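Source file: upload.json (JSON, N, CA and C atoms and all ligand atoms)
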```json
[["chain", "number", "residue", "atom", "x", "y", "z"],
["A", 1, "MET", "N", 109.45, 103.72, 92.06],
["A", 1, "MET", "CA", 110.29, 102.65, 91.48],
["A", 1, "MET", "C", 111.49, 102.39, 92.41],
["A", 2, "GLY", "N", 112.58, 103.13, 92.23],
["A", 2, "GLY", "CA", 113.53, 103.12, 93.31],
["A", 2, "GLY", "C", 114.90, 102.51, 93.07],
["A", 3, "ASP", "N", 115.07, 101.59, 92.16],
["A", 3, "ASP", "CA", 116.41, 101.01, 92.07],
["A", 3, "ASP", "C", 117.27, 101.69, 91.01],
["A", 4, "GLY", "N", 116.70, 102.61, 90.27],
["A", 4, "GLY", "CA", 117.51, 103.43, 89.38],
["A", 4, "GLY", "C", 118.03, 102.74, 88.13],
["A", 5, "THR", "N", 117.51, 101.59, 87.79],
["A", 5, "THR", "CA", 118.01, 100.93, 86.59],
["A", 5, "THR", "C", 117.20, 101.29, 85.35],
["A", 6, "LEU", "N", 116.03, 101.86, 85.55],
["A", 6, "LEU", "CA", 115.19, 102.16, 84.40],
["A", 6, "LEU", "C", 115.67, 103.43, 83.70],
["A", 7, "GLY", "N", 115.95, 103.33, 82.44],
["A", 7, "GLY", "CA", 116.27, 104.51, 81.64],
["A", 7, "GLY", "C", 117.54, 105.22, 82.04],
["A", 8, "MET", "N", 118.43, 104.56, 82.74],
["A", 8, "MET", "CA", 119.69, 105.19, 83.13],
["A", 8, "MET", "C", 120.76, 104.84, 82.12],
["A", 9, "ASN", "N", 121.05, 105.74, 81.26],
["A", 9, "ASN", "CA", 122.14, 105.52, 80.32],
["A", 9, "ASN", "C", 122.75, 106.85, 79.91],
["A", 10, "PRO", "N", 123.46, 107.47, 80.82],
["A", 10, "PRO", "CA", 124.04, 108.78, 80.51],
["A", 10, "PRO", "C", 125.13, 108.64, 79.47],
["A", 11, "GLY", "N", 125.34, 109.69, 78.73],
["A", 11, "GLY", "CA", 126.45, 109.61, 77.79],
["A", 11, "GLY", "C", 126.12, 110.11, 76.41],
["A", 12, "ASP", "N", 126.37, 109.25, 75.44],
["A", 12, "ASP", "CA", 126.51, 109.71, 74.07],
["A", 12, "ASP", "C", 125.22, 109.81, 73.27],
["A", 13, "TYR", "N", 124.27, 110.55, 73.79],
["A", 13, "TYR", "CA", 123.08, 110.79, 72.98],
["A", 13, "TYR", "C", 123.36, 111.81, 71.90],
["A", 14, "GLY", "N", 122.85, 111.55, 70.72],
["A", 14, "GLY", "CA", 123.03, 112.49, 69.63],
["A", 14, "GLY", "C", 121.78, 113.32, 69.43],
["A", 15, "ALA", "N", 121.21, 113.21, 68.26],
["A", 15, "ALA", "CA", 120.00, 113.95, 67.95],
["A", 15, "ALA", "C", 118.87, 113.51, 68.87],
["A", 16, "GLU", "N", 117.91, 114.36, 69.00],
["A", 16, "GLU", "CA", 116.80, 114.07, 69.89],
["A", 16, "GLU", "C", 116.03, 112.83, 69.41],
["A", 17, "GLU", "N", 115.95, 112.69, 68.13],
["A", 17, "GLU", "CA", 115.24, 111.55, 67.56],
["A", 17, "GLU", "C", 115.91, 110.23, 67.95],
["A", 18, "LEU", "N", 117.21, 110.23, 67.87],
["A", 18, "LEU", "CA", 117.97, 109.05, 68.26],
["A", 18, "LEU", "C", 117.75, 108.76, 69.73],
["A", 19, "ASP", "N", 117.78, 109.82, 70.51],
["A", 19, "ASP", "CA", 117.53, 109.72, 71.94],
["A", 19, "ASP", "C", 116.20, 109.03, 72.18],
["A", 20, "GLN", "N", 115.18, 109.50, 71.49],
["A", 20, "GLN", "CA", 113.84, 108.94, 71.66],
["A", 20, "GLN", "C", 113.82, 107.48, 71.24],
["A", 21, "GLU", "N", 114.47, 107.21, 70.13],
["A", 21, "GLU", "CA", 114.47, 105.84, 69.62],
["A", 21, "GLU", "C", 115.18, 104.91, 70.59],
["A", 22, "ARG", "N", 116.28, 105.39, 71.14],
["A", 22, "ARG", "CA", 117.02, 104.56, 72.07],
["A", 22, "ARG", "C", 116.21, 104.32, 73.34],
["A", 23, "ARG", "N", 115.54, 105.39, 73.78],
["A", 23, "ARG", "CA", 114.72, 105.20, 74.98],
["A", 23, "ARG", "C", 113.60, 104.22, 74.71],
["A", 24, "ASP", "N", 113.01, 104.30, 73.53],
["A", 24, "ASP", "CA", 111.97, 103.33, 73.17],
["A", 24, "ASP", "C", 112.52, 101.92, 73.23],
["A", 25, "GLN", "N", 113.70, 101.76, 72.68],
["A", 25, "GLN", "CA", 114.31, 100.44, 72.62],
["A", 25, "GLN", "C", 114.61, 99.92, 74.02],
["A", 26, "GLU", "N", 115.17, 100.80, 74.85],
["A", 26, "GLU", "CA", 115.47, 100.39, 76.22],
["A", 26, "GLU", "C", 114.20, 100.06, 76.97],
["A", 27, "TYR", "N", 113.18, 100.83, 76.70],
["A", 27, "TYR", "CA", 111.90, 100.61, 77.35],
["A", 27, "TYR", "C", 111.35, 99.24, 76.96],
["A", 28, "MET", "N", 111.44, 98.92, 75.68],
["A", 28, "MET", "CA", 110.97, 97.62, 75.22],
["A", 28, "MET", "C", 111.78, 96.49, 75.84],
["A", 29, "GLU", "N", 113.08, 96.72, 75.95],
["A", 29, "GLU", "CA", 113.92, 95.69, 76.57],
["A", 29, "GLU", "C", 113.56, 95.50, 78.03],
["A", 30, "GLU", "N", 113.31, 96.62, 78.70],
["A", 30, "GLU", "CA", 112.95, 96.56, 80.11],
["A", 30, "GLU", "C", 111.62, 95.83, 80.28],
["A", 31, "LEU", "N", 110.69, 96.12, 79.39],
["A", 31, "LEU", "CA", 109.40, 95.42, 79.45],
["A", 31, "LEU", "C", 109.58, 93.93, 79.22],
["A", 32, "TYR", "N", 110.47, 93.62, 78.30],
["A", 32, "TYR", "CA", 110.75, 92.21, 78.03],
["A", 32, "TYR", "C", 111.31, 91.55, 79.29],
["A", 33, "ASN", "N", 112.23, 92.25, 79.95],
["A", 33, "ASN", "CA", 112.79, 91.72, 81.20],
["A", 33, "ASN", "C", 111.70, 91.53, 82.25],
["A", 34, "MET", "N", 110.80, 92.50, 82.30],
["A", 34, "MET", "CA", 109.70, 92.39, 83.26],
["A", 34, "MET", "C", 108.87, 91.14, 82.99],
["A", 35, "GLU", "N", 108.61, 90.90, 81.73],
["A", 35, "GLU", "CA", 107.78, 89.73, 81.39],
["A", 35, "GLU", "C", 108.52, 88.44, 81.72],
["A", 36, "GLN", "N", 109.84, 88.47, 81.53],
["A", 36, "GLN", "CA", 110.64, 87.30, 81.89],
["A", 36, "GLN", "C", 110.56, 87.05, 83.39],
["A", 37, "ARG", "N", 110.72, 88.12, 84.16],
["A", 37, "ARG", "CA", 110.66, 87.98, 85.61],
["A", 37, "ARG", "C", 109.27, 87.52, 86.04],
["A", 38, "TYR", "N", 108.26, 88.04, 85.37],
["A", 38, "TYR", "CA", 106.90, 87.65, 85.71],
["A", 38, "TYR", "C", 106.71, 86.15, 85.50],
["A", 39, "ALA", "N", 107.23, 85.66, 84.39],
["A", 39, "ALA", "CA", 107.12, 84.22, 84.10],
["A", 39, "ALA", "C", 107.79, 83.40, 85.19],
["A", 40, "ILE", "N", 108.91, 83.94, 85.71],
["A", 40, "ILE", "CA", 109.62, 83.22, 86.78],
["A", 40, "ILE", "C", 108.79, 83.22, 88.06],
["A", 41, "THR", "N", 108.17, 84.36, 88.38],
["A", 41, "THR", "CA", 107.39, 84.41, 89.62],
["A", 41, "THR", "C", 106.21, 83.44, 89.56],
["A", 42, "GLU", "N", 105.70, 83.21, 88.37],
["A", 42, "GLU", "CA", 104.58, 82.28, 88.26],
["A", 42, "GLU", "C", 104.98, 80.87, 88.63],
["A", 43, "LYS", "N", 106.25, 80.55, 88.34],
["A", 43, "LYS", "CA", 106.71, 79.18, 88.58],
["A", 43, "LYS", "C", 107.39, 79.02, 89.93],
["A", 44, "ALA", "N", 107.69, 80.15, 90.58],
["A", 44, "ALA", "CA", 108.43, 80.09, 91.84],
["A", 44, "ALA", "C", 107.63, 79.35, 92.90],
["A", 45, "LYS", "N", 108.37, 78.61, 93.73],
["A", 45, "LYS", "CA", 107.71, 77.87, 94.81],
["A", 45, "LYS", "C", 107.57, 78.77, 96.04],
["A", 46, "ILE", "N", 106.56, 78.51, 96.83],
["A", 46, "ILE", "CA", 106.37, 79.27, 98.06],
["A", 46, "ILE", "C", 107.59, 79.10, 98.96],
["A", 47, "GLY", "N", 108.06, 80.26, 99.47],
["A", 47, "GLY", "CA", 109.25, 80.24, 100.32],
["A", 47, "GLY", "C", 110.54, 80.51, 99.57],
["A", 48, "SER", "N", 110.48, 80.52, 98.24],
["A", 48, "SER", "CA", 111.70, 80.77, 97.47],
["A", 48, "SER", "C", 111.82, 82.25, 97.12],
["A", 49, "GLN", "N", 113.05, 82.64, 96.78],
["A", 49, "GLN", "CA", 113.32, 84.02, 96.40],
["A", 49, "GLN", "C", 112.99, 84.23, 94.93],
["A", 50, "MET", "N", 112.47, 85.41, 94.65],
["A", 50, "MET", "CA", 112.21, 85.78, 93.26],
["A", 50, "MET", "C", 112.29, 87.29, 93.17],
["A", 51, "GLN", "N", 112.30, 87.80, 91.96],
["A", 51, "GLN", "CA", 112.37, 89.24, 91.78],
["A", 51, "GLN", "C", 111.00, 89.79, 91.44],
["A", 52, "CYS", "N", 110.70, 90.93, 92.02],
["A", 52, "CYS", "CA", 109.48, 91.63, 91.65],
["A", 52, "CYS", "C", 109.57, 91.94, 90.16],
["A", 53, "PRO", "N", 108.57, 91.54, 89.38],
["A", 53, "PRO", "CA", 108.66, 91.75, 87.93],
["A", 53, "PRO", "C", 108.82, 93.22, 87.55],
["A", 54, "PHE", "N", 108.25, 94.11, 88.32],
["A", 54, "PHE", "CA", 108.31, 95.51, 87.93],
["A", 54, "PHE", "C", 109.60, 96.18, 88.36],
["A", 55, "CYS", "N", 109.94, 96.12, 89.64],
["A", 55, "CYS", "CA", 111.09, 96.89, 90.13],
["A", 55, "CYS", "C", 112.35, 96.04, 90.29],
["A", 56, "GLY", "N", 112.21, 94.72, 90.28],
["A", 56, "GLY", "CA", 113.39, 93.87, 90.28],
["A", 56, "GLY", "C", 113.99, 93.58, 91.64],
["A", 57, "ILE", "N", 113.40, 94.07, 92.71],
["A", 57, "ILE", "CA", 113.97, 93.74, 94.02],
["A", 57, "ILE", "C", 113.62, 92.31, 94.39],
["A", 58, "PHE", "N", 114.47, 91.72, 95.22],
["A", 58, "PHE", "CA", 114.25, 90.34, 95.62],
["A", 58, "PHE", "C", 113.21, 90.26, 96.72],
["A", 59, "ILE", "N", 112.28, 89.36, 96.54],
["A", 59, "ILE", "CA", 111.22, 89.15, 97.53],
["A", 59, "ILE", "C", 111.04, 87.65, 97.71],
["A", 60, "THR", "N", 110.39, 87.29, 98.80],
["A", 60, "THR", "CA", 110.10, 85.89, 99.05],
["A", 60, "THR", "C", 108.66, 85.60, 98.66],
["A", 61, "LYS", "N", 108.49, 84.53, 97.97],
["A", 61, "LYS", "CA", 107.13, 84.14, 97.60],
["A", 61, "LYS", "C", 106.45, 83.58, 98.83],
["A", 62, "THR", "N", 105.42, 84.28, 99.30],
["A", 62, "THR", "CA", 104.76, 83.88, 100.54],
["A", 62, "THR", "C", 103.43, 83.19, 100.30],
["A", 63, "THR", "N", 102.79, 83.51, 99.18],
["A", 63, "THR", "CA", 101.55, 82.83, 98.84],
["A", 63, "THR", "C", 101.63, 82.45, 97.37],
["A", 64, "TYR", "N", 100.81, 81.52, 96.98],
["A", 64, "TYR", "CA", 100.93, 81.00, 95.61],
["A", 64, "TYR", "C", 100.70, 82.07, 94.55],
["A", 65, "ASN", "N", 99.90, 83.10, 94.93],
["A", 65, "ASN", "CA", 99.62, 84.12, 93.92],
["A", 65, "ASN", "C", 100.43, 85.41, 94.11],
["A", 66, "LYS", "N", 101.42, 85.37, 95.00],
["A", 66, "LYS", "CA", 102.26, 86.56, 95.17],
["A", 66, "LYS", "C", 103.26, 86.64, 94.02],
["A", 67, "LYS", "N", 103.28, 87.81, 93.36],
["A", 67, "LYS", "CA", 104.21, 87.98, 92.25],
["A", 67, "LYS", "C", 104.95, 89.30, 92.34],
["A", 68, "PHE", "N", 104.42, 90.25, 93.11],
["A", 68, "PHE", "CA", 105.00, 91.59, 93.16],
["A", 68, "PHE", "C", 105.33, 91.95, 94.61],
["A", 69, "CYS", "N", 106.29, 92.89, 94.75],
["A", 69, "CYS", "CA", 106.66, 93.31, 96.11],
["A", 69, "CYS", "C", 105.55, 94.16, 96.71],
["A", 70, "HIS", "N", 104.74, 94.75, 95.87],
["A", 70, "HIS", "CA", 103.82, 95.78, 96.32],
["A", 70, "HIS", "C", 102.70, 95.86, 95.29],
["A", 71, "LYS", "N", 101.52, 96.25, 95.75],
["A", 71, "LYS", "CA", 100.41, 96.39, 94.81],
["A", 71, "LYS", "C", 100.70, 97.44, 93.74],
["A", 72, "GLY", "N", 101.41, 98.51, 94.13],
["A", 72, "GLY", "CA", 101.76, 99.55, 93.16],
["A", 72, "GLY", "C", 102.56, 99.00, 92.00],
["A", 73, "CYS", "N", 103.47, 98.08, 92.28],
["A", 73, "CYS", "CA", 104.26, 97.47, 91.21],
["A", 73, "CYS", "C", 103.38, 96.65, 90.29],
["A", 74, "LYS", "N", 102.44, 95.95, 90.87],
["A", 74, "LYS", "CA", 101.53, 95.13, 90.07],
["A", 74, "LYS", "C", 100.75, 96.03, 89.10],
["A", 75, "ASP", "N", 100.21, 97.13, 89.63],
["A", 75, "ASP", "CA", 99.43, 98.03, 88.79],
["A", 75, "ASP", "C", 100.29, 98.61, 87.67],
["A", 76, "LYS", "N", 101.50, 99.05, 88.04],
["A", 76, "LYS", "CA", 102.38, 99.67, 87.03],
["A", 76, "LYS", "C", 102.83, 98.64, 86.00],
["A", 77, "TYR", "N", 103.09, 97.44, 86.49],
["A", 77, "TYR", "CA", 103.50, 96.38, 85.55],
["A", 77, "TYR", "C", 102.43, 96.19, 84.48],
["A", 78, "TRP", "N", 101.20, 96.02, 84.92],
["A", 78, "TRP", "CA", 100.13, 95.75, 83.94],
["A", 78, "TRP", "C", 99.85, 96.95, 83.06],
["A", 79, "ASN", "N", 99.97, 98.16, 83.64],
["A", 79, "ASN", "CA", 99.82, 99.35, 82.80],
["A", 79, "ASN", "C", 100.85, 99.37, 81.69],
["A", 80, "ASN", "N", 102.10, 99.08, 82.05],
["A", 80, "ASN", "CA", 103.17, 99.11, 81.06],
["A", 80, "ASN", "C", 103.01, 98.03, 80.01],
["A", 81, "VAL", "N", 102.67, 96.84, 80.47],
["A", 81, "VAL", "CA", 102.53, 95.73, 79.52],
["A", 81, "VAL", "C", 101.36, 96.00, 78.57],
["A", 82, "ASN", "N", 100.28, 96.52, 79.11],
["A", 82, "ASN", "CA", 99.14, 96.82, 78.24],
["A", 82, "ASN", "C", 99.45, 97.95, 77.27],
["A", 83, "ASP", "N", 100.21, 98.97, 77.75],
["A", 83, "ASP", "CA", 100.65, 100.05, 76.87],
["A", 83, "ASP", "C", 101.48, 99.53, 75.72],
["A", 84, "LYS", "N", 102.38, 98.62, 76.05],
["A", 84, "LYS", "CA", 103.27, 98.08, 75.04],
["A", 84, "LYS", "C", 102.47, 97.40, 73.95],
["A", 85, "ARG", "N", 101.48, 96.62, 74.35],
["A", 85, "ARG", "CA", 100.66, 95.92, 73.36],
["A", 85, "ARG", "C", 99.99, 96.92, 72.43],
["A", 86, "ARG", "N", 99.47, 97.99, 73.04],
["A", 86, "ARG", "CA", 98.81, 99.03, 72.23],
["A", 86, "ARG", "C", 99.81, 99.68, 71.29],
["A", 87, "ASP", "N", 100.98, 100.04, 71.83],
["A", 87, "ASP", "CA", 102.00, 100.73, 71.03],
["A", 87, "ASP", "C", 102.42, 99.90, 69.84],
["A", 88, "ARG", "N", 102.54, 98.61, 70.06],
["A", 88, "ARG", "CA", 102.99, 97.74, 68.99],
["A", 88, "ARG", "C", 102.01, 97.76, 67.82],
["A", 89, "SER", "N", 100.73, 97.65, 68.14],
["A", 89, "SER", "CA", 99.76, 97.62, 67.05],
["A", 89, "SER", "C", 99.73, 98.98, 66.34],
["A", 90, "HIS", "N", 99.92, 100.06, 67.12],
["A", 90, "HIS", "CA", 100.00, 101.38, 66.49],
["A", 90, "HIS", "C", 101.20, 101.47, 65.56],
["A", 91, "ALA", "N", 102.33, 101.02, 66.06],
["A", 91, "ALA", "CA", 103.56, 101.11, 65.28],
["A", 91, "ALA", "C", 103.40, 100.40, 63.94],
["A", 92, "TYR", "N", 102.77, 99.26, 63.96],
["A", 92, "TYR", "CA", 102.61, 98.52, 62.72],
["A", 92, "TYR", "C", 101.69, 99.25, 61.75],
["A", 93, "SER", "N", 100.61, 99.81, 62.28],
["A", 93, "SER", "CA", 99.68, 100.48, 61.38],
["A", 93, "SER", "C", 100.27, 101.77, 60.80],
["A", 94, "LYS", "N", 101.23, 102.37, 61.56],
["A", 94, "LYS", "CA", 101.91, 103.56, 61.05],
["A", 94, "LYS", "C", 102.99, 103.22, 60.02],
["A", 95, "GLY", "N", 103.35, 101.94, 59.97],
["A", 95, "GLY", "CA", 104.35, 101.51, 59.01],
["A", 95, "GLY", "C", 105.76, 101.93, 59.34],
["A", 96, "ARG", "N", 106.05, 102.06, 60.64],
["A", 96, "ARG", "CA", 107.40, 102.44, 61.01],
["A", 96, "ARG", "C", 108.38, 101.28, 60.87],
["A", 101, "ZN", "ZN", 108.28, 95.94, 93.06]]
```
Using structure tokens, write down the structure that the file contains.
Amino acid sequence: MGDGTLGMNPGDYGAEELDQERRDQEYMEELYNMEQRYAITEKAKIGSQMQCPFCGIFITKTTYNKKFCHKGCKDKYWNNVNDKRRDRSHAYSKGR
């Protein structure tokens, strides 16, 4: 990953459960941000600057289908997005 923005929130964690809940929430927010960035990369014009949806570094769109700085980011992005979809349906069936 590398830019250190994921899950960095030192400080006032209380009970472990709260910690977990907060991390879940931050994770969901981060995924939401990723999806927002992804939507931007889809519309970006060739030659323009955009952010890698997964890691957030600035890259230049060089081909019409370029969306990530690296193949690894693309794989991780889709893994995370697909996980989120699964988690959501689980969460609902558990009645949380
Ligand atoms: Zn990246």
Quiz prompt | Near-region 56-69 of chain A list (5 Å; all atoms listed in the file; drop same-chain fewer than 6 positions) as number ranges by chain | solution = A: 46-50
Could you save the residues just selected, with N, CA and C atoms, as a CSV table (one decimal), keeping the file's coordinate frame?
```
chain,number,residue,atom,x,y,z
A,46,ILE,N,106.6,78.5,96.8
A,46,ILE,CA,106.4,79.3,98.1
A,46,ILE,C,107.6,79.1,99.0
A,47,GLY,N,108.1,80.3,99.5
A,47,GLY,CA,109.2,80.2,100.3
A,47,GLY,C,110.5,80.5,99.6
A,48,SER,N,110.5,80.5,98.2
A,48,SER,CA,111.7,80.8,97.5
A,48,SER,C,111.8,82.2,97.1
A,49,GLN,N,113.0,82.6,96.8
A,49,GLN,CA,113.3,84.0,96.4
A,49,GLN,C,113.0,84.2,94.9
A,50,MET,N,112.5,85.4,94.6
A,50,MET,CA,112.2,85.8,93.3
A,50,MET,C,112.3,87.3,93.2
```
Self-check item: Given all atoms listed in the file as the counted atoms, nearest of A:Asn33, A:Gln51, A:Gln25, A:Thr41 to ligand ZN 101 (chain A)
Solution: A:Gln51
Quiz item: If you run DSSP on this backbone, which residues of region 8-57 of chain A come out as helix (DSSP H, G or I), and could you give them as a list in words?
Solution: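 Filtering region 8-57 of chain A to helix (DSSP H, G or I) leaves Glu16, Glu17, Leu18, Asp19, Gln20, Glu21, Arg22, Arg23, Asp24, Gln25, Glu26, Tyr27, Met28, Glu29, Glu30, Leu31, Tyr32, Asn33, Met34, Glu35, Gln36, Arg37, Tyr38, Ala39, Ile40, Thr41, Glu42 and Lys43 of chain A.
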Quiz prompt | DSSP strand (DSSP E) selection over region 10-71 of chain A, as a PyMOL selection string | solution = chain A and resi 49-51+58-60
Write out as a Markdown table a residue-level contact list of chain A versus ligand ZN 101 (chain A) with cut-off 5 Å: for each qualifying residue the closest pair of atoms and the distance in Å to one decimal, counting only N, CA and C atoms and all ligand atoms, rows sorted by chain and residue number upward.
```
| residue | atom | partner | partner_atom | distance |
| --- | --- | --- | --- | --- |
| A:Cys52 | CA | A:ZN101 | ZN | 4.7 |
| A:Phe54 | C | A:ZN101 | ZN | 4.9 |
| A:Cys55 | N | A:ZN101 | ZN | 3.8 |
| A:Gly56 | N | A:ZN101 | ZN | 5.0 |
| A:Cys69 | N | A:ZN101 | ZN | 4.0 |
| A:His70 | N | A:ZN101 | ZN | 4.7 |
| A:Cys73 | CA | A:ZN101 | ZN | 4.7 |
```
Exercise. Go ahead and compute the interatomic distance for CA of Val81 (chain A) and CA of Leu31 (chain A), in Å to one decimal.
Key: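 Answer for the CA of Val81 (chain A) to CA of Leu31 (chain A) separation: 6.9 Å.
Between CA of Gly72 (chain A) and CA of Tyr32 (chain A) the interatomic distance comes to 19.1 Å.
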Quiz item: In Å, how far is it from atom C of Glu35 (chain A) to CA of Pro53 (chain A)?
Solution: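 Distance reported for this atom pair: 7.0 Å.
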Around region 17-28 of chain A, fit a box with edges along x, y and z, padding it by 3 Å on each side, then list its centre and edge lengths in Å to one decimal as lines of an AutoDock Vina configuration file.
```
center_x = 114.5
center_y = 104.6
center_z = 72.5
size_x = 13.0
size_y = 22.2
size_z = 15.8
```
